[in-house]
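The file final33.pdb contains PDB, C-alpha atoms:
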ATOM      1  CA  MET J   7       0.000   0.000   0.000  1.00  0.00           C
ATOM      2  CA  MET J   8       1.027   3.617  -0.553  1.00  0.00           C
ATOM      3  CA  LYS J   9       0.263   6.373   1.906  1.00  0.00           C
ATOM      4  CA  ILE J  10      -1.282   9.515   0.417  1.00  0.00           C
ATOM      5  CA  LEU J  11      -1.181  12.604   2.645  1.00  0.00           C
ATOM      6  CA  PHE J  12      -2.998  15.902   2.400  1.00  0.00           C
ATOM      7  CA  PHE J  13      -2.549  19.124   4.350  1.00  0.00           C
ATOM      8  CA  GLY J  14      -4.166  22.520   4.676  1.00  0.00           C
ATOM      9  CA  PRO J  15      -6.582  23.552   1.916  1.00  0.00           C
ATOM     10  CA  VAL J  16      -6.115  20.321  -0.056  1.00  0.00           C
ATOM     11  CA  ALA J  17      -7.003  18.235   3.009  1.00  0.00           C
ATOM     12  CA  GLU J  18     -10.080  20.398   3.569  1.00  0.00           C
ATOM     13  CA  ARG J  19     -11.287  19.807   0.012  1.00  0.00           C
ATOM     14  CA  VAL J  20     -10.562  16.084   0.157  1.00  0.00           C
ATOM     15  CA  GLY J  21     -12.142  15.787   3.602  1.00  0.00           C
ATOM     16  CA  LEU J  22      -9.260  13.583   4.721  1.00  0.00           C
ATOM     17  CA  ARG J  23      -5.653  14.022   5.812  1.00  0.00           C
ATOM     18  CA  GLU J  24      -4.572  10.532   4.794  1.00  0.00           C
ATOM     19  CA  LEU J  25      -5.631   7.619   2.668  1.00  0.00           C
ATOM     20  CA  GLN J  26      -4.091   4.366   1.527  1.00  0.00           C
ATOM     21  CA  LEU J  27      -3.829   3.315  -2.118  1.00  0.00           C
ATOM     22  CA  GLU J  28      -3.012  -0.121  -3.370  1.00  0.00           C
ATOM     23  CA  HIS J  29       0.288  -0.250  -5.218  1.00  0.00           C
ATOM     24  CA  ARG J  30       0.420  -2.033  -8.559  1.00  0.00           C
ATOM     25  CA  SER J  31       3.592  -3.013 -10.382  1.00  0.00           C
ATOM     26  CA  GLY J  32       4.660  -0.354 -12.880  1.00  0.00           C
ATOM     27  CA  MET J  33       2.544   2.353 -11.265  1.00  0.00           C
ATOM     28  CA  VAL J  34       3.720   5.913 -11.865  1.00  0.00           C
ATOM     29  CA  LEU J  35       2.810   9.160 -10.130  1.00  0.00           C
ATOM     30  CA  GLN J  36       0.454  10.167 -12.939  1.00  0.00           C
ATOM     31  CA  ASP J  37      -1.612   7.036 -12.278  1.00  0.00           C
ATOM     32  CA  VAL J  38      -2.210   8.197  -8.720  1.00  0.00           C
ATOM     33  CA  VAL J  39      -3.046  11.729  -9.836  1.00  0.00           C
ATOM     34  CA  THR J  40      -5.518  10.457 -12.427  1.00  0.00           C
ATOM     35  CA  GLN J  41      -7.180   8.149  -9.937  1.00  0.00           C
ATOM     36  CA  LEU J  42      -7.494  10.720  -7.166  1.00  0.00           C
ATOM     37  CA  LYS J  43      -8.402  13.634  -9.429  1.00  0.00           C
ATOM     38  CA  ALA J  44     -11.462  11.692 -10.558  1.00  0.00           C
ATOM     39  CA  VAL J  45     -12.625  11.347  -6.957  1.00  0.00           C
ATOM     40  CA  TYR J  46     -11.480  14.724  -5.593  1.00  0.00           C
ATOM     41  CA  PRO J  47     -11.530  17.166  -8.529  1.00  0.00           C
ATOM     42  CA  ALA J  48     -11.908  20.277  -6.335  1.00  0.00           C
ATOM     43  CA  ALA J  49      -8.829  19.347  -4.320  1.00  0.00           C
ATOM     44  CA  PHE J  50      -6.676  18.841  -7.394  1.00  0.00           C
ATOM     45  CA  GLU J  51      -7.673  22.282  -8.729  1.00  0.00           C
ATOM     46  CA  ILE J  52      -5.352  23.766  -6.119  1.00  0.00           C
ATOM     47  CA  VAL J  53      -2.555  21.174  -6.062  1.00  0.00           C
ATOM     48  CA  CYS J  54       0.689  22.906  -7.065  1.00  0.00           C
ATOM     49  CA  PHE J  55       3.351  20.667  -5.550  1.00  0.00           C
ATOM     50  CA  THR J  56       3.825  16.953  -5.175  1.00  0.00           C
ATOM     51  CA  ALA J  57       6.290  15.107  -2.971  1.00  0.00           C
ATOM     52  CA  VAL J  58       7.244  11.453  -2.934  1.00  0.00           C
ATOM     53  CA  ASN J  59       8.982  10.258   0.216  1.00  0.00           C
ATOM     54  CA  GLU J  60       9.533  13.844   1.384  1.00  0.00           C
ATOM     55  CA  THR J  61      11.174  14.945  -1.882  1.00  0.00           C
ATOM     56  CA  GLN J  62       9.377  17.347  -4.189  1.00  0.00           C
ATOM     57  CA  THR J  63       8.981  16.127  -7.733  1.00  0.00           C
ATOM     58  CA  ARG J  64       7.499  17.297 -11.027  1.00  0.00           C
ATOM     59  CA  ASP J  65       8.148  13.977 -12.749  1.00  0.00           C
ATOM     60  CA  MET J  66       4.697  12.482 -13.263  1.00  0.00           C
ATOM     61  CA  GLN J  67       6.301   9.374 -14.780  1.00  0.00           C
ATOM     62  CA  GLN J  68       8.202   8.671 -11.578  1.00  0.00           C
ATOM     63  CA  LEU J  69       7.892   5.007 -10.784  1.00  0.00           C
ATOM     64  CA  LEU J  70       6.287   4.320  -7.431  1.00  0.00           C
ATOM     65  CA  ASN J  71       7.038   1.575  -4.942  1.00  0.00           C
ATOM     66  CA  ASP J  72       4.971  -0.180  -2.346  1.00  0.00           C
ATOM     67  CA  GLY J  73       5.215   1.773   0.904  1.00  0.00           C
ATOM     68  CA  ASP J  74       5.821   5.141  -0.777  1.00  0.00           C
ATOM     69  CA  GLU J  75       4.467   8.285   0.885  1.00  0.00           C
ATOM     70  CA  ILE J  76       2.950  10.749  -1.588  1.00  0.00           C
ATOM     71  CA  VAL J  77       1.790  14.238  -0.696  1.00  0.00           C
ATOM     72  CA  PHE J  78      -0.262  16.611  -2.828  1.00  0.00           C
ATOM     73  CA  MET J  79       0.088  20.230  -1.735  1.00  0.00           C
ATOM     74  CA  ALA J  80      -1.356  23.653  -2.486  1.00  0.00           C
ATOM     75  CA  LYS J  81       0.756  26.799  -2.744  1.00  0.00           C
ATOM     76  CA  PHE J  82       2.472  27.449   0.573  1.00  0.00           C
ATOM     77  CA  SER J  83       1.397  30.317   2.798  1.00  0.00           C
ATOM     78  CA  GLY J  84       3.636  30.104   5.825  1.00  0.00           C
ATOM     79  CA  GLY J  85       5.696  32.892   7.338  1.00  0.00           C
TER
ATOM     80  CA  MET X   5      17.383  24.547  21.733  1.00  0.00           C
ATOM     81  CA  ASP X   6      17.759  23.553  18.115  1.00  0.00           C
ATOM     82  CA  ALA X   7      18.528  26.407  15.749  1.00  0.00           C
ATOM     83  CA  VAL X   8      15.630  25.436  13.495  1.00  0.00           C
ATOM     84  CA  ARG X   9      12.274  24.484  14.968  1.00  0.00           C
ATOM     85  CA  LEU X  10       8.599  24.036  14.166  1.00  0.00           C
ATOM     86  CA  GLN X  11       6.624  24.302  17.366  1.00  0.00           C
ATOM     87  CA  VAL X  12       3.189  24.940  18.795  1.00  0.00           C
ATOM     88  CA  ASP X  13       4.382  27.052  21.710  1.00  0.00           C
ATOM     89  CA  ASP X  14       5.385  30.706  21.494  1.00  0.00           C
ATOM     90  CA  PHE X  15       9.063  31.581  21.279  1.00  0.00           C
ATOM     91  CA  SER X  16      11.177  34.200  23.014  1.00  0.00           C
ATOM     92  CA  VAL X  17      13.029  36.576  20.703  1.00  0.00           C
ATOM     93  CA  ASP X  18      15.450  37.345  23.553  1.00  0.00           C
ATOM     94  CA  GLN X  19      16.265  33.686  24.111  1.00  0.00           C
ATOM     95  CA  GLU X  20      16.895  33.106  20.403  1.00  0.00           C
ATOM     96  CA  MET X  21      19.116  36.192  20.187  1.00  0.00           C
ATOM     97  CA  THR X  22      21.048  35.040  23.241  1.00  0.00           C
ATOM     98  CA  ALA X  23      21.479  31.576  21.748  1.00  0.00           C
ATOM     99  CA  LEU X  24      22.741  33.078  18.486  1.00  0.00           C
ATOM    100  CA  ARG X  25      25.187  35.418  20.200  1.00  0.00           C
ATOM    101  CA  ALA X  26      26.540  32.536  22.249  1.00  0.00           C
ATOM    102  CA  THR X  27      27.815  30.813  19.092  1.00  0.00           C
ATOM    103  CA  SER X  28      30.622  33.282  18.434  1.00  0.00           C
ATOM    104  CA  LEU X  29      32.209  36.502  19.653  1.00  0.00           C
ATOM    105  CA  ARG X  30      33.014  37.176  16.006  1.00  0.00           C
ATOM    106  CA  ILE X  31      29.391  38.257  15.395  1.00  0.00           C
ATOM    107  CA  GLY X  32      29.303  41.998  14.762  1.00  0.00           C
ATOM    108  CA  GLY X  33      25.812  42.322  13.414  1.00  0.00           C
ATOM    109  CA  ILE X  34      22.535  40.573  14.227  1.00  0.00           C
ATOM    110  CA  ALA X  35      19.362  41.003  12.189  1.00  0.00           C
ATOM    111  CA  SER X  36      15.945  39.620  12.938  1.00  0.00           C
ATOM    112  CA  PHE X  37      12.488  39.309  11.478  1.00  0.00           C
ATOM    113  CA  THR X  38       9.400  38.495  13.528  1.00  0.00           C
ATOM    114  CA  GLY X  39       6.172  37.706  11.716  1.00  0.00           C
ATOM    115  CA  CYS X  40       3.042  38.428  13.745  1.00  0.00           C
ATOM    116  CA  ALA X  41      -0.626  37.568  13.326  1.00  0.00           C
ATOM    117  CA  ARG X  42      -2.527  40.617  12.142  1.00  0.00           C
ATOM    118  CA  ASP X  43      -6.081  41.183  13.373  1.00  0.00           C
ATOM    119  CA  PHE X  44      -7.313  42.416   9.984  1.00  0.00           C
ATOM    120  CA  SER X  45      -6.883  40.929   6.546  1.00  0.00           C
ATOM    121  CA  GLU X  46      -8.626  41.218   3.165  1.00  0.00           C
ATOM    122  CA  GLY X  47     -11.329  43.457   4.645  1.00  0.00           C
ATOM    123  CA  ARG X  48     -12.157  41.175   7.577  1.00  0.00           C
ATOM    124  CA  ASP X  49     -11.353  41.064  11.282  1.00  0.00           C
ATOM    125  CA  VAL X  50      -9.130  38.079  12.071  1.00  0.00           C
ATOM    126  CA  MET X  51      -9.471  36.454  15.486  1.00  0.00           C
ATOM    127  CA  LYS X  52      -7.058  33.560  15.077  1.00  0.00           C
ATOM    128  CA  ILE X  53      -4.762  32.023  12.516  1.00  0.00           C
ATOM    129  CA  SER X  54      -4.280  28.297  12.179  1.00  0.00           C
ATOM    130  CA  PHE X  55      -1.100  26.813  10.662  1.00  0.00           C
ATOM    131  CA  ASP X  56      -0.899  23.368   9.137  1.00  0.00           C
ATOM    132  CA  ALA X  57       2.419  21.891   8.016  1.00  0.00           C
ATOM    133  CA  TYR X  58       3.856  18.833   6.326  1.00  0.00           C
ATOM    134  CA  GLY X  59       6.097  18.608   9.344  1.00  0.00           C
ATOM    135  CA  LYS X  60       8.902  16.354   8.165  1.00  0.00           C
ATOM    136  CA  MET X  61       9.382  18.183   4.894  1.00  0.00           C
ATOM    137  CA  ALA X  62       8.897  21.638   6.429  1.00  0.00           C
ATOM    138  CA  LEU X  63      11.604  21.025   9.019  1.00  0.00           C
ATOM    139  CA  ALA X  64      13.963  19.590   6.408  1.00  0.00           C
ATOM    140  CA  GLU X  65      13.380  22.591   4.145  1.00  0.00           C
ATOM    141  CA  LEU X  66      13.874  25.083   6.995  1.00  0.00           C
ATOM    142  CA  ASN X  67      17.175  23.413   7.819  1.00  0.00           C
ATOM    143  CA  ARG X  68      18.149  23.516   4.154  1.00  0.00           C
ATOM    144  CA  LEU X  69      17.330  27.238   4.040  1.00  0.00           C
ATOM    145  CA  ARG X  70      19.484  27.899   7.093  1.00  0.00           C
ATOM    146  CA  THR X  71      22.418  26.027   5.544  1.00  0.00           C
ATOM    147  CA  GLU X  72      21.989  27.834   2.227  1.00  0.00           C
ATOM    148  CA  ALA X  73      21.790  31.230   3.935  1.00  0.00           C
ATOM    149  CA  ILE X  74      24.926  30.583   5.967  1.00  0.00           C
ATOM    150  CA  GLU X  75      26.819  29.677   2.812  1.00  0.00           C
ATOM    151  CA  LYS X  76      25.314  32.347   0.528  1.00  0.00           C
ATOM    152  CA  PHE X  77      25.771  35.261   2.906  1.00  0.00           C
ATOM    153  CA  GLN X  78      28.722  33.892   4.901  1.00  0.00           C
ATOM    154  CA  LEU X  79      26.773  34.078   8.109  1.00  0.00           C
ATOM    155  CA  ILE X  80      28.227  32.929  11.366  1.00  0.00           C
ATOM    156  CA  ASP X  81      24.878  31.520  12.449  1.00  0.00           C
ATOM    157  CA  ALA X  82      21.135  31.682  11.858  1.00  0.00           C
ATOM    158  CA  ARG X  83      18.051  30.546  13.729  1.00  0.00           C
ATOM    159  CA  ILE X  84      14.526  29.943  12.427  1.00  0.00           C
ATOM    160  CA  VAL X  85      11.413  29.193  14.475  1.00  0.00           C
ATOM    161  CA  HIS X  86       7.932  28.805  12.976  1.00  0.00           C
ATOM    162  CA  ARG X  87       4.835  28.069  14.964  1.00  0.00           C
ATOM    163  CA  VAL X  88       2.168  25.567  13.968  1.00  0.00           C
ATOM    164  CA  GLY X  89      -1.321  25.083  15.353  1.00  0.00           C
ATOM    165  CA  THR X  90      -3.458  28.073  16.286  1.00  0.00           C
ATOM    166  CA  VAL X  91      -2.255  31.538  17.236  1.00  0.00           C
ATOM    167  CA  LEU X  92      -4.319  34.554  18.309  1.00  0.00           C
ATOM    168  CA  ALA X  93      -4.318  37.931  16.597  1.00  0.00           C
ATOM    169  CA  GLY X  94      -1.250  39.769  17.867  1.00  0.00           C
ATOM    170  CA  ASP X  95       0.713  36.601  18.568  1.00  0.00           C
ATOM    171  CA  GLN X  96       4.119  35.823  17.116  1.00  0.00           C
ATOM    172  CA  ILE X  97       4.246  33.406  14.179  1.00  0.00           C
ATOM    173  CA  VAL X  98       7.784  33.160  12.860  1.00  0.00           C
ATOM    174  CA  LEU X  99      11.244  34.324  13.857  1.00  0.00           C
ATOM    175  CA  ILE X 100      14.401  34.551  11.808  1.00  0.00           C
ATOM    176  CA  VAL X 101      17.648  35.673  13.425  1.00  0.00           C
ATOM    177  CA  THR X 102      20.899  36.004  11.517  1.00  0.00           C
ATOM    178  CA  GLY X 103      24.397  36.809  12.708  1.00  0.00           C
ATOM    179  CA  SER X 104      27.460  37.820  10.723  1.00  0.00           C
ATOM    180  CA  GLU X 105      30.662  39.744  11.136  1.00  0.00           C
ATOM    181  CA  HIS X 106      29.184  42.819   9.496  1.00  0.00           C
ATOM    182  CA  ARG X 107      25.648  44.161   9.265  1.00  0.00           C
ATOM    183  CA  VAL X 108      24.959  43.923   5.514  1.00  0.00           C
ATOM    184  CA  ALA X 109      25.190  40.143   5.363  1.00  0.00           C
ATOM    185  CA  ALA X 110      22.948  39.705   8.414  1.00  0.00           C
ATOM    186  CA  LEU X 111      20.302  42.082   7.064  1.00  0.00           C
ATOM    187  CA  ASP X 112      20.361  40.688   3.528  1.00  0.00           C
ATOM    188  CA  ALA X 113      20.235  37.087   4.769  1.00  0.00           C
ATOM    189  CA  CYS X 114      17.298  37.819   7.042  1.00  0.00           C
ATOM    190  CA  HIS X 115      15.332  39.299   4.148  1.00  0.00           C
ATOM    191  CA  TRP X 116      16.275  36.422   1.861  1.00  0.00           C
ATOM    192  CA  LEU X 117      15.304  33.810   4.434  1.00  0.00           C
ATOM    193  CA  ILE X 118      11.765  35.035   5.035  1.00  0.00           C
ATOM    194  CA  ASP X 119      11.151  35.393   1.291  1.00  0.00           C
ATOM    195  CA  GLU X 120      12.452  31.873   0.646  1.00  0.00           C
ATOM    196  CA  LEU X 121      10.552  30.443   3.602  1.00  0.00           C
ATOM    197  CA  LYS X 122       7.275  31.748   2.225  1.00  0.00           C
ATOM    198  CA  ALA X 123       7.962  30.213  -1.184  1.00  0.00           C
ATOM    199  CA  ARG X 124       9.535  26.888  -0.241  1.00  0.00           C
ATOM    200  CA  VAL X 125       8.322  25.600   3.113  1.00  0.00           C
ATOM    201  CA  PRO X 126       5.169  23.438   3.191  1.00  0.00           C
ATOM    202  CA  ILE X 127       3.141  25.406   5.729  1.00  0.00           C
ATOM    203  CA  TRP X 128      -0.399  26.672   5.162  1.00  0.00           C
ATOM    204  CA  LYS X 129      -2.205  29.495   6.950  1.00  0.00           C
ATOM    205  CA  LYS X 130      -5.936  29.676   7.630  1.00  0.00           C
ATOM    206  CA  GLU X 131      -7.567  32.864   8.914  1.00  0.00           C
ATOM    207  CA  ILE X 132     -10.411  32.451  11.369  1.00  0.00           C
ATOM    208  CA  THR X 133     -12.863  35.342  11.153  1.00  0.00           C
ATOM    209  CA  PRO X 134     -16.428  36.113  12.252  1.00  0.00           C
ATOM    210  CA  GLU X 135     -17.454  35.674   8.604  1.00  0.00           C
ATOM    211  CA  GLY X 136     -15.891  32.222   8.387  1.00  0.00           C
ATOM    212  CA  ASP X 137     -12.529  30.508   7.960  1.00  0.00           C
ATOM    213  CA  SER X 138     -10.424  30.682   4.833  1.00  0.00           C
ATOM    214  CA  TRP X 139      -7.048  29.422   3.692  1.00  0.00           C
ATOM    215  CA  VAL X 140      -4.753  32.254   2.704  1.00  0.00           C
ATOM    216  CA  THR X 141      -3.708  32.611  -0.901  1.00  0.00           C
ATOM    217  CA  PRO X 142      -0.120  33.826  -0.800  1.00  0.00           C
ATOM    218  CA  HIS X 143       0.737  37.294  -2.082  1.00  0.00           C
ATOM    219  CA  PRO X 144       3.051  37.263  -5.090  1.00  0.00           C
TER
END
Written as C-alpha cells, that's how I'd like the structure from this file.
Amino acid sequence: MMKILFFGPVAERVGLRELQLEHRSGMVLQDVVTQLKAVYPAAFEIVCFTAVNETQTRDMQQLLNDGDEIVFMAKFSGG
Amino acid sequence: MDAVRLQVDDFSVDQEMTALRATSLRIGGIASFTGCARDFSEGRDVMKISFDAYGKMALAELNRLRTEAIEKFQLIDARIVHRVGTVLAGDQIVLIVTGSEHRVAALDACHWLIDELKARVPIWKKEITPEGDSWVTPHP
C-alpha cells in the first residue's frame, strides 16, 4: 500500500488528511493523480506541488514503490 | 534549543538572540524578522490564525534554508522558528535571526530567508474570522 497525505486547503477539500492506495507493479505518479483527481476534482484544482517520500517532484512518470508516501500540496502560505 | 524548529508554543526573541550570540564573539551584526498575526486581513477582522504543516518536509526545508543562507551570505549563524497550530491575533508566528561579522550580510540574509521560507516551506495558513474561515492565498 502507498500512503497519500494531504494538508491545509487540499485536506479540507478532500475531507481527509490521509488515505491508503493499493500499489500495482509499474505504477507511476500520474496514475495516482488520475485516480485521485477523478474522486477529488476540487482538491486537485489547487494542487501545485507533489512530494514522494519527502522529496518534491514534477516527474509524473516517476515510478512508485509499495510503501511510498505521496503528498499533494497547495501553494504554501507560511511565514 | 535547536537552531531550526517548528513548534506549537510561542518563542522568546530574547532567548533566540542570546542563543545566536553565544555561538561566536566574532558576530558583529545581528538582524531579525518576527512575523506576527494581524487582526485584519482582506477586509475582515481576524481572530485567530491556524497553521498546518507537512512537518517532516517543512523542518527539512527550513534546515536547508538555514544552511543555504549561511553559505550564501557567509553568516556565522542563523536561527529559524515557525509556529504551527493556532495563534491569536497579535501573537508571534515566525522568527528569523541572523548573525554575521558585518551588518549587511545579516540584514540581507534575514530578508532572503523570510522570502524563501514563504515560497519553499510546506506550511499553510488559515484565517479564522467572524465571517468564516479561509485558507490564505499567498501574495506574489
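Applied to the shown file, the ChimeraX specification (/J :<8) & /X selects the residues Gly39, Phe55, Asp56, Ala57, Tyr58, Lys60, Met61, His86, Ile97, Val98, Ile118, Leu121, Lys122, Ala123, Arg124, Val125, Pro126, Ile127, Trp128, Lys129, Lys130, Trp139, Val140, Thr141 and Pro142 of chain X.
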(request) Expand the PyMOL selection byres ((chain X and resi 116) around 12) into the individual residues it matches in the shown file, reporting them as a list in words. (result) Ala35, Ser36, Phe37, Leu69, Arg70, Glu72, Ala73, Ile74, Lys76, Phe77, Ile100, Val101, Thr102, Ala109, Ala110, Leu111, Asp112, Ala113, Cys114, His115, Leu117, Ile118, Asp119, Glu120, Leu121, Lys122, Ala123 and Arg124 of chain X
(request) Run the PyMOL selection byres ((chain X and resi 49) around 12) mentally over the shown coordinates, then write out the matched residues as JSON, numbers by chain, using the chain letters and numbers from the document. (result) {"X": [41, 42, 43, 44, 45, 46, 47, 48, 50, 51, 52, 53, 92, 93, 131, 132, 133, 134, 135, 136, 137]}
What does the file look like for those residues with C-alpha atoms, as a PDB file, in the coordinates of the input?
ATOM      1  CA  ALA X  41      -0.626  37.568  13.326  1.00  0.00           C
ATOM      2  CA  ARG X  42      -2.527  40.617  12.142  1.00  0.00           C
ATOM      3  CA  ASP X  43      -6.081  41.183  13.373  1.00  0.00           C
ATOM      4  CA  PHE X  44      -7.313  42.416   9.984  1.00  0.00           C
ATOM      5  CA  SER X  45      -6.883  40.929   6.546  1.00  0.00           C
ATOM      6  CA  GLU X  46      -8.626  41.218   3.165  1.00  0.00           C
ATOM      7  CA  GLY X  47     -11.329  43.457   4.645  1.00  0.00           C
ATOM      8  CA  ARG X  48     -12.157  41.175   7.577  1.00  0.00           C
ATOM      9  CA  VAL X  50      -9.130  38.079  12.071  1.00  0.00           C
ATOM     10  CA  MET X  51      -9.471  36.454  15.486  1.00  0.00           C
ATOM     11  CA  LYS X  52      -7.058  33.560  15.077  1.00  0.00           C
ATOM     12  CA  ILE X  53      -4.762  32.023  12.516  1.00  0.00           C
ATOM     13  CA  LEU X  92      -4.319  34.554  18.309  1.00  0.00           C
ATOM     14  CA  ALA X  93      -4.318  37.931  16.597  1.00  0.00           C
ATOM     15  CA  GLU X 131      -7.567  32.864   8.914  1.00  0.00           C
ATOM     16  CA  ILE X 132     -10.411  32.451  11.369  1.00  0.00           C
ATOM     17  CA  THR X 133     -12.863  35.342  11.153  1.00  0.00           C
ATOM     18  CA  PRO X 134     -16.428  36.113  12.252  1.00  0.00           C
ATOM     19  CA  GLU X 135     -17.454  35.674   8.604  1.00  0.00           C
ATOM     20  CA  GLY X 136     -15.891  32.222   8.387  1.00  0.00           C
ATOM     21  CA  ASP X 137     -12.529  30.508   7.960  1.00  0.00           C
TER      22      ASP X 137
END
(request) Would you work out the distance separating CA of Ile76 (chain J) from CA of Met7 (chain J), expressed in Å to one decimal? (result)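 One can read the CA of Ile76 (chain J) to CA of Met7 (chain J) distance as 11.3 Å.
The shortest atom-to-atom distance to Gln26 (chain J), with only C-alpha atoms taken into account, belongs to J:Met8 out of J:Ala49, J:Val38, J:Ala44, J:Met8.
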(message) Using only C-alpha atoms, can you tell me which of X:Glu65, X:Asp6, X:Glu105, X:Asp13 comes closest to Val91 (chain X)?
(response)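 With only C-alpha atoms as the atom set, the closest residue is X:Asp13.
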(message) Using all atoms listed in the file for the distances, tell me which of J:Arg30, J:Lys9, J:Arg19, J:Arg64 is nearest to Phe50 (chain J).
(response)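 The shortest atom-to-atom distance to Phe50 (chain J) comes from J:Arg19.
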